[in-house]
file target.pdb (PDB, C-alpha atoms)
MODEL        1
ATOM      1  CA  MET R   1       0.000   0.000   0.000
ATOM      2  CA  SER R   2       1.279   3.493  -0.733
ATOM      3  CA  ILE R   3       1.388   6.339   1.751
ATOM      4  CA  PHE R   4      -1.414   8.094  -0.082
ATOM      5  CA  SER R   5      -3.734   5.122   0.185
ATOM      6  CA  ARG R   6      -3.066   4.727   3.911
ATOM      7  CA  ILE R   7      -3.878   8.386   4.490
ATOM      8  CA  SER R   8      -7.010   8.210   2.406
ATOM      9  CA  ILE R   9      -8.215   5.106   4.135
ATOM     10  CA  GLY R  10      -7.325   6.098   7.678
ATOM     11  CA  GLY R  11      -7.873   9.834   7.873
ATOM     12  CA  LEU R  12      -9.411  11.394   4.809
ATOM     13  CA  THR R  13     -12.468   9.206   4.713
ATOM     14  CA  VAL R  14     -13.540  10.518   8.098
ATOM     15  CA  ALA R  15     -12.669  14.064   7.107
ATOM     16  CA  ALA R  16     -14.491  13.724   3.803
ATOM     17  CA  ALA R  17     -17.621  12.421   5.527
ATOM     18  CA  GLY R  18     -17.539  15.295   8.013
ATOM     19  CA  PHE R  19     -17.038  17.824   5.216
ATOM     20  CA  ALA R  20     -19.921  16.344   3.207
ATOM     21  CA  ALA R  21     -22.280  16.586   6.221
ATOM     22  CA  PHE R  22     -21.201  20.177   6.846
ATOM     23  CA  SER R  23     -21.688  21.091   3.170
ATOM     24  CA  MET R  24     -25.191  19.650   3.096
ATOM     25  CA  ALA R  25     -26.179  21.484   6.297
ATOM     26  CA  ALA R  26     -24.796  24.761   4.977
ATOM     27  CA  ALA R  27     -26.607  24.326   1.656
ATOM     28  CA  GLN R  28     -29.921  23.759   3.451
ATOM     29  CA  THR R  29     -29.611  26.912   5.575
ATOM     30  CA  LEU R  30     -28.649  29.224   2.715
ATOM     31  CA  GLU R  31     -31.428  29.583   0.246
ATOM     32  CA  VAL R  32     -30.988  31.463  -2.981
ATOM     33  CA  PRO R  33     -33.788  33.977  -3.605
ATOM     34  CA  ALA R  34     -35.956  33.242  -6.617
ATOM     35  CA  ASP R  35     -35.534  36.838  -7.884
ATOM     36  CA  PRO R  36     -31.837  37.652  -8.487
ATOM     37  CA  GLY R  37     -32.505  41.364  -7.788
ATOM     38  CA  ALA R  38     -34.329  40.670  -4.509
ATOM     39  CA  PRO R  39     -32.375  41.333  -1.290
ATOM     40  CA  THR R  40     -31.186  38.372   0.756
ATOM     41  CA  GLU R  41     -31.776  38.108   4.485
ATOM     42  CA  PHE R  42     -28.428  39.864   5.003
ATOM     43  CA  GLU R  43     -29.245  42.896   2.833
ATOM     44  CA  ALA R  44     -31.789  45.631   3.386
ATOM     45  CA  PRO R  45     -33.866  46.702   0.392
ATOM     46  CA  VAL R  46     -32.304  49.760  -1.222
ATOM     47  CA  ASP R  47     -34.205  52.501  -2.979
ATOM     48  CA  PRO R  48     -31.852  53.969  -5.626
ATOM     49  CA  GLY R  49     -33.069  57.534  -4.923
ATOM     50  CA  ALA R  50     -32.973  57.283  -1.116
ATOM     51  CA  PRO R  51     -29.989  58.811   0.714
ATOM     52  CA  THR R  52     -27.665  56.455   2.544
ATOM     53  CA  GLU R  53     -26.960  56.861   6.243
ATOM     54  CA  PHE R  54     -23.875  58.905   5.380
ATOM     55  CA  GLU R  55     -25.631  61.370   3.067
ATOM     56  CA  ALA R  56     -28.120  64.066   3.981
ATOM     57  CA  PRO R  57     -31.135  64.276   1.692
ATOM     58  CA  VAL R  58     -30.700  67.080  -0.838
ATOM     59  CA  ASP R  59     -33.546  68.844  -2.574
ATOM     60  CA  PRO R  60     -32.240  70.125  -5.930
ATOM     61  CA  ASP R  61     -34.992  72.817  -6.048
ATOM     62  CA  ALA R  62     -34.199  74.229  -2.587
ATOM     63  CA  PRO R  63     -32.478  77.663  -2.527
ATOM     64  CA  MET R  64     -28.812  77.781  -1.484
ATOM     65  CA  ASP R  65     -28.084  79.107   2.004
ATOM     66  CA  PRO R  66     -25.452  81.886   1.648
ATOM     67  CA  ASP R  67     -24.206  81.253   5.213
ATOM     68  CA  ALA R  68     -23.671  77.537   4.611
ATOM     69  CA  THR R  69     -20.109  76.414   4.956
ATOM     70  CA  VAL R  70     -18.486  74.795   1.974
ATOM     71  CA  ALA R  71     -15.925  72.087   2.486
ATOM     72  CA  PRO R  72     -12.470  73.274   1.413
ATOM     73  CA  ALA R  73     -11.049  71.748  -1.723
ATOM     74  CA  ALA R  74      -8.410  69.104  -1.244
ATOM     75  CA  PRO R  75      -4.912  70.562  -1.468
ATOM     76  CA  ALA R  76      -3.169  70.001  -4.755
ATOM     77  CA  ALA R  77      -0.498  67.350  -4.822
ATOM     78  CA  PRO R  78       2.917  68.889  -4.201
ATOM     79  CA  GLN R  79       4.985  69.386  -7.318
ATOM     80  CA  ARG R  80       8.429  67.863  -7.571
ATOM     81  CA  ILE R  81      11.217  69.947  -8.993
ATOM     82  CA  THR R  82      13.685  68.112 -11.201
ATOM     83  CA  ASN R  83      17.180  69.485 -10.609
ATOM     84  CA  PRO R  84      20.257  69.209 -12.870
ATOM     85  CA  VAL R  85      22.761  68.980  -9.990
ATOM     86  CA  ALA R  86      22.995  66.701  -6.964
ATOM     87  CA  GLU R  87      25.100  67.766  -3.987
ATOM     88  CA  PHE R  88      26.859  65.010  -2.070
ATOM     89  CA  ALA R  89      29.046  64.819   1.006
ATOM     90  CA  GLY R  90      31.684  62.195   1.496
ATOM     91  CA  ILE R  91      33.996  61.252   4.326
ATOM     92  CA  ASP R  92      37.441  59.743   4.052
ATOM     93  CA  LYS R  93      37.618  57.601   7.198
ATOM     94  CA  ILE R  94      41.420  57.447   7.093
ATOM     95  CA  THR R  95      42.009  61.217   7.209
ATOM     96  CA  GLY R  96      38.672  62.176   8.772
ATOM     97  CA  ARG R  97      38.053  64.830   6.084
ATOM     98  CA  ILE R  98      34.509  65.537   4.938
ATOM     99  CA  ILE R  99      34.238  66.805   1.368
ATOM    100  CA  THR R 100      31.174  68.301  -0.320
ATOM    101  CA  PHE R 101      30.972  67.913  -4.088
ATOM    102  CA  ASP R 102      28.457  68.612  -6.860
ATOM    103  CA  VAL R 103      27.607  66.095  -9.569
ATOM    104  CA  TYR R 104      25.485  66.784 -12.641
ATOM    105  CA  ILE R 105      22.759  64.281 -13.499
ATOM    106  CA  ASP R 106      24.134  61.311 -15.504
ATOM    107  CA  GLU R 107      27.702  62.475 -14.845
ATOM    108  CA  THR R 108      30.146  60.228 -12.992
ATOM    109  CA  VAL R 109      32.466  61.753 -10.401
ATOM    110  CA  GLN R 110      35.158  59.841  -8.571
ATOM    111  CA  PHE R 111      35.478  60.257  -4.817
ATOM    112  CA  GLY R 112      38.411  58.198  -3.592
ATOM    113  CA  ALA R 113      37.824  54.663  -4.838
ATOM    114  CA  LEU R 114      34.116  55.331  -5.444
ATOM    115  CA  GLN R 115      32.403  56.508  -8.626
ATOM    116  CA  VAL R 116      29.135  58.360  -7.942
ATOM    117  CA  THR R 117      26.505  58.766 -10.707
ATOM    118  CA  PRO R 118      23.163  60.437  -9.912
ATOM    119  CA  ARG R 119      20.382  59.583 -12.365
ATOM    120  CA  ILE R 120      17.694  62.001 -11.108
ATOM    121  CA  CYS R 121      17.418  64.532  -8.282
ATOM    122  CA  TYR R 122      14.039  65.746  -6.990
ATOM    123  CA  SER R 123      13.232  68.485  -4.501
ATOM    124  CA  ARG R 124      10.141  70.441  -3.407
ATOM    125  CA  PRO R 125       9.378  74.179  -3.604
ATOM    126  CA  GLN R 126      10.544  76.416  -0.735
ATOM    127  CA  THR R 127       6.940  76.844   0.459
ATOM    128  CA  GLU R 128       6.521  73.120   1.177
ATOM    129  CA  GLU R 129       8.056  70.628   3.565
ATOM    130  CA  PRO R 130      11.540  69.752   2.299
ATOM    131  CA  LYS R 131      11.797  66.359   0.665
ATOM    132  CA  THR R 132      14.891  65.858  -1.429
ATOM    133  CA  ASP R 133      15.746  62.538  -3.014
ATOM    134  CA  SER R 134      18.012  61.237  -5.725
ATOM    135  CA  PHE R 135      18.426  57.927  -7.511
ATOM    136  CA  VAL R 136      22.132  57.138  -7.383
ATOM    137  CA  GLU R 137      24.505  54.447  -8.611
ATOM    138  CA  VAL R 138      27.821  53.997  -6.813
ATOM    139  CA  ASP R 139      30.638  51.806  -8.098
ATOM    140  CA  GLU R 140      33.863  50.818  -6.374
ATOM    141  CA  ILE R 141      37.170  50.576  -8.187
ATOM    142  CA  THR R 142      38.847  47.532  -6.695
ATOM    143  CA  LEU R 143      42.594  47.057  -6.216
ATOM    144  CA  ASP R 144      42.773  44.922  -9.357
ATOM    145  CA  ARG R 145      41.194  47.839 -11.323
ATOM    146  CA  LYS R 146      37.791  46.227 -11.744
ATOM    147  CA  ILE R 147      34.583  48.203 -11.275
ATOM    148  CA  ARG R 148      32.051  46.678  -8.899
ATOM    149  CA  ARG R 149      28.573  48.122  -8.206
ATOM    150  CA  ILE R 150      28.112  48.548  -4.449
ATOM    151  CA  PHE R 151      24.959  50.680  -4.358
ATOM    152  CA  THR R 152      21.938  51.364  -6.562
ATOM    153  CA  GLY R 153      18.936  53.118  -5.061
ATOM    154  CA  TRP R 154      17.354  56.221  -3.623
ATOM    155  CA  MET R 155      19.139  58.533  -1.217
ATOM    156  CA  PHE R 156      17.210  60.999   0.935
ATOM    157  CA  ALA R 157      18.783  64.273   2.073
ATOM    158  CA  GLU R 158      16.479  64.544   5.110
ATOM    159  CA  SER R 159      17.521  61.051   6.266
ATOM    160  CA  PRO R 160      21.184  60.729   5.286
ATOM    161  CA  GLY R 161      21.763  57.564   7.290
ATOM    162  CA  LEU R 162      18.819  55.743   5.714
ATOM    163  CA  ASN R 163      20.486  54.866   2.401
ATOM    164  CA  ALA R 164      24.022  56.165   2.669
ATOM    165  CA  VAL R 165      26.831  54.327   0.943
ATOM    166  CA  GLU R 166      29.031  52.725   3.555
ATOM    167  CA  HIS R 167      32.423  51.576   2.384
ATOM    168  CA  ALA R 168      35.455  50.400   4.348
ATOM    169  CA  VAL R 169      37.263  53.700   3.666
ATOM    170  CA  TYR R 170      34.660  56.102   2.177
ATOM    171  CA  ASP R 171      31.069  56.995   2.979
ATOM    172  CA  VAL R 172      28.876  59.084   0.628
ATOM    173  CA  TRP R 173      25.441  60.615   1.226
ATOM    174  CA  LEU R 174      23.087  63.098  -0.470
ATOM    175  CA  LYS R 175      23.030  66.649   0.900
ATOM    176  CA  GLY R 176      20.615  68.247  -1.542
ATOM    177  CA  CYS R 177      19.655  69.110  -5.106
ATOM    178  CA  LYS R 178      20.534  72.325  -6.924
ATOM    179  CA  GLN R 179      19.536  74.212 -10.037
ATOM    180  CA  LYS R 180      23.053  75.697 -10.498
ATOM    181  CA  SER R 181      26.582  74.800  -9.518
ATOM    182  CA  ASP R 182      29.958  76.561  -9.468
ATOM    183  CA  VAL R 183      31.374  73.445 -11.130
ATOM    184  CA  PRO R 184      31.210  73.690 -14.945
ATOM    185  CA  ALA R 185      28.719  71.379 -16.645
ATOM    186  CA  PRO R 186      30.192  68.267 -18.330
ATOM    187  CA  ASP R 187      29.307  69.611 -21.824
ATOM    188  CA  ALA R 188      31.040  72.925 -21.082
ATOM    189  CA  ALA R 189      34.170  71.092 -19.907
ATOM    190  CA  LYS R 190      34.367  69.116 -23.184
ATOM    191  CA  THR R 191      34.184  72.233 -25.384
ATOM    192  CA  ASN R 192      37.076  74.014 -23.604
TER     193      ASN R 192
ENDMDL
END
call {"tool": "encode", "arguments": {"input": "target.pdb", "output": "structure tokens"}}
result
Amino acid sequence: MSIFSRISIGGLTVAAAGFAAFSMAAAQTLEVPADPGAPTEFEAPVDPGAPTEFEAPVDPDAPMDPDATVAPAAPAAPQRITNPVAEFAGIDKITGRIITFDVYIDETVQFGALQVTPRICYSRPQTEEPKTDSFVEVDEITLDRKIRRIFTGWMFAESPGLNAVEHAVYDVWLKGCKQKSDVPAPDAAKTN
């Protein structure tokens, strides 16, 4: 005899009989109404024109009350500003120096043994709560001159420790996004 047959003989037959009895009892207690549109015992009849318990009845011919308060409109979704420059900070753990550097979008800048490439940098207008984030790729140049990706993801300026790049010698994090930089753009550097 196989394991399956022993289980079906010893345990599932009893379970199947119990399930069949339960199914028949449940089928007898739940009756389907003859009219598909008629409410079941769990539903109350609904008049399509009647207000629900959450709505007040409204008479379309009634005059408007000038003193009635009007609910304020929902605030518009905050606009993101796409910036051409991402500002990073990096620390050299050997010397203890912290360096701030600007990187243009899709430009690669080397900081120590790391290559930092921001792909996009978003910020919010000055009138809104600051939320600055950037999608960044960071590669490490190994001792045998191979490039190895050590980070790909979003960095947040308001939470620098959340997704900072931690390396044995260098750490890099996003400080902010800018519209302009003192560093010449990569296209301007090529034409000189």
call {"tool": "residues_around", "arguments": {"input": "target.pdb", "residues": "R:Val109", "least_positions_apart": "6", "cutoff": "12 Å", "atoms": "all atoms listed in the file", "output": "list of chain:residue names"}}
result
R:Ala86, R:Glu87, R:Phe88, R:Gly90, R:Phe101, R:Asp102, R:Val103, R:Gln115, R:Val116, R:Thr117, R:Pro118, R:Val136, R:Glu137, R:Val138, R:Asp139, R:Glu140, R:Val172, R:Val183, R:Pro186
call {"tool": "resolve_selection", "arguments": {"input": "target.pdb", "expression": "the PyMOL selection byres ((chain R and resi 171) around 10)", "output": "list in words"}}
result
Ala89, Gly90, Ile91, Asp92, Lys93, Ile98, Phe111, Gly112, Leu114, Ala164, Val165, Glu166, His167, Ala168, Val169, Tyr170, Val172 and Trp173 of chain R
call {"tool": "closest_residue", "arguments": {"input": "target.pdb", "among": "R:Pro84, R:Ala113, R:Trp154, R:Lys178", "to": "R:Ile141", "atoms": "all atoms listed in the file"}}
result
R:Ala113
call {"tool": "atom_distance", "arguments": {"input": "target.pdb", "atom1": "atom CA of R:Cys121", "atom2": "atom CA of R:Gly176"}}
result
8.3 Å
call {"tool": "atom_distance", "arguments": {"input": "target.pdb", "atom1": "atom CA of R:Thr100", "atom2": "atom CA of R:Phe156"}}
result
15.8 Å
call {"tool": "residues_around", "arguments": {"input": "target.pdb", "residues": "R:Ser123", "least_positions_apart": "6", "cutoff": "8 Å", "atoms": "all atoms listed in the file", "output": "list of chain:residue names"}}
result
R:Arg80, R:Ile81, R:Thr82, R:Asn83, R:Pro130, R:Lys131, R:Thr132, R:Asp133, R:Gly176, R:Cys177
call {"tool": "atom_distance", "arguments": {"input": "target.pdb", "atom1": "atom CA of R:Lys180", "atom2": "atom CA of R:Pro160"}}
result
21.8 Å
call {"tool": "residues_around", "arguments": {"input": "target.pdb", "residues": "R:Gly153", "least_positions_apart": "2", "cutoff": "9 Å", "atoms": "all atoms listed in the file", "output": "ChimeraX atom specification"}}
result
/R:134-137,151,155,163
call {"tool": "axis_aligned_box", "arguments": {"input": "target.pdb", "around": "stretch 115-133 of chain R", "padding_each_side": "3 Å", "output": "AutoDock Vina command-line options"}}
result
--center_x 19.5 --center_y 66.7 --center_z -4.4 --size_x 31.9 --size_y 26.3 --size_z 21.9
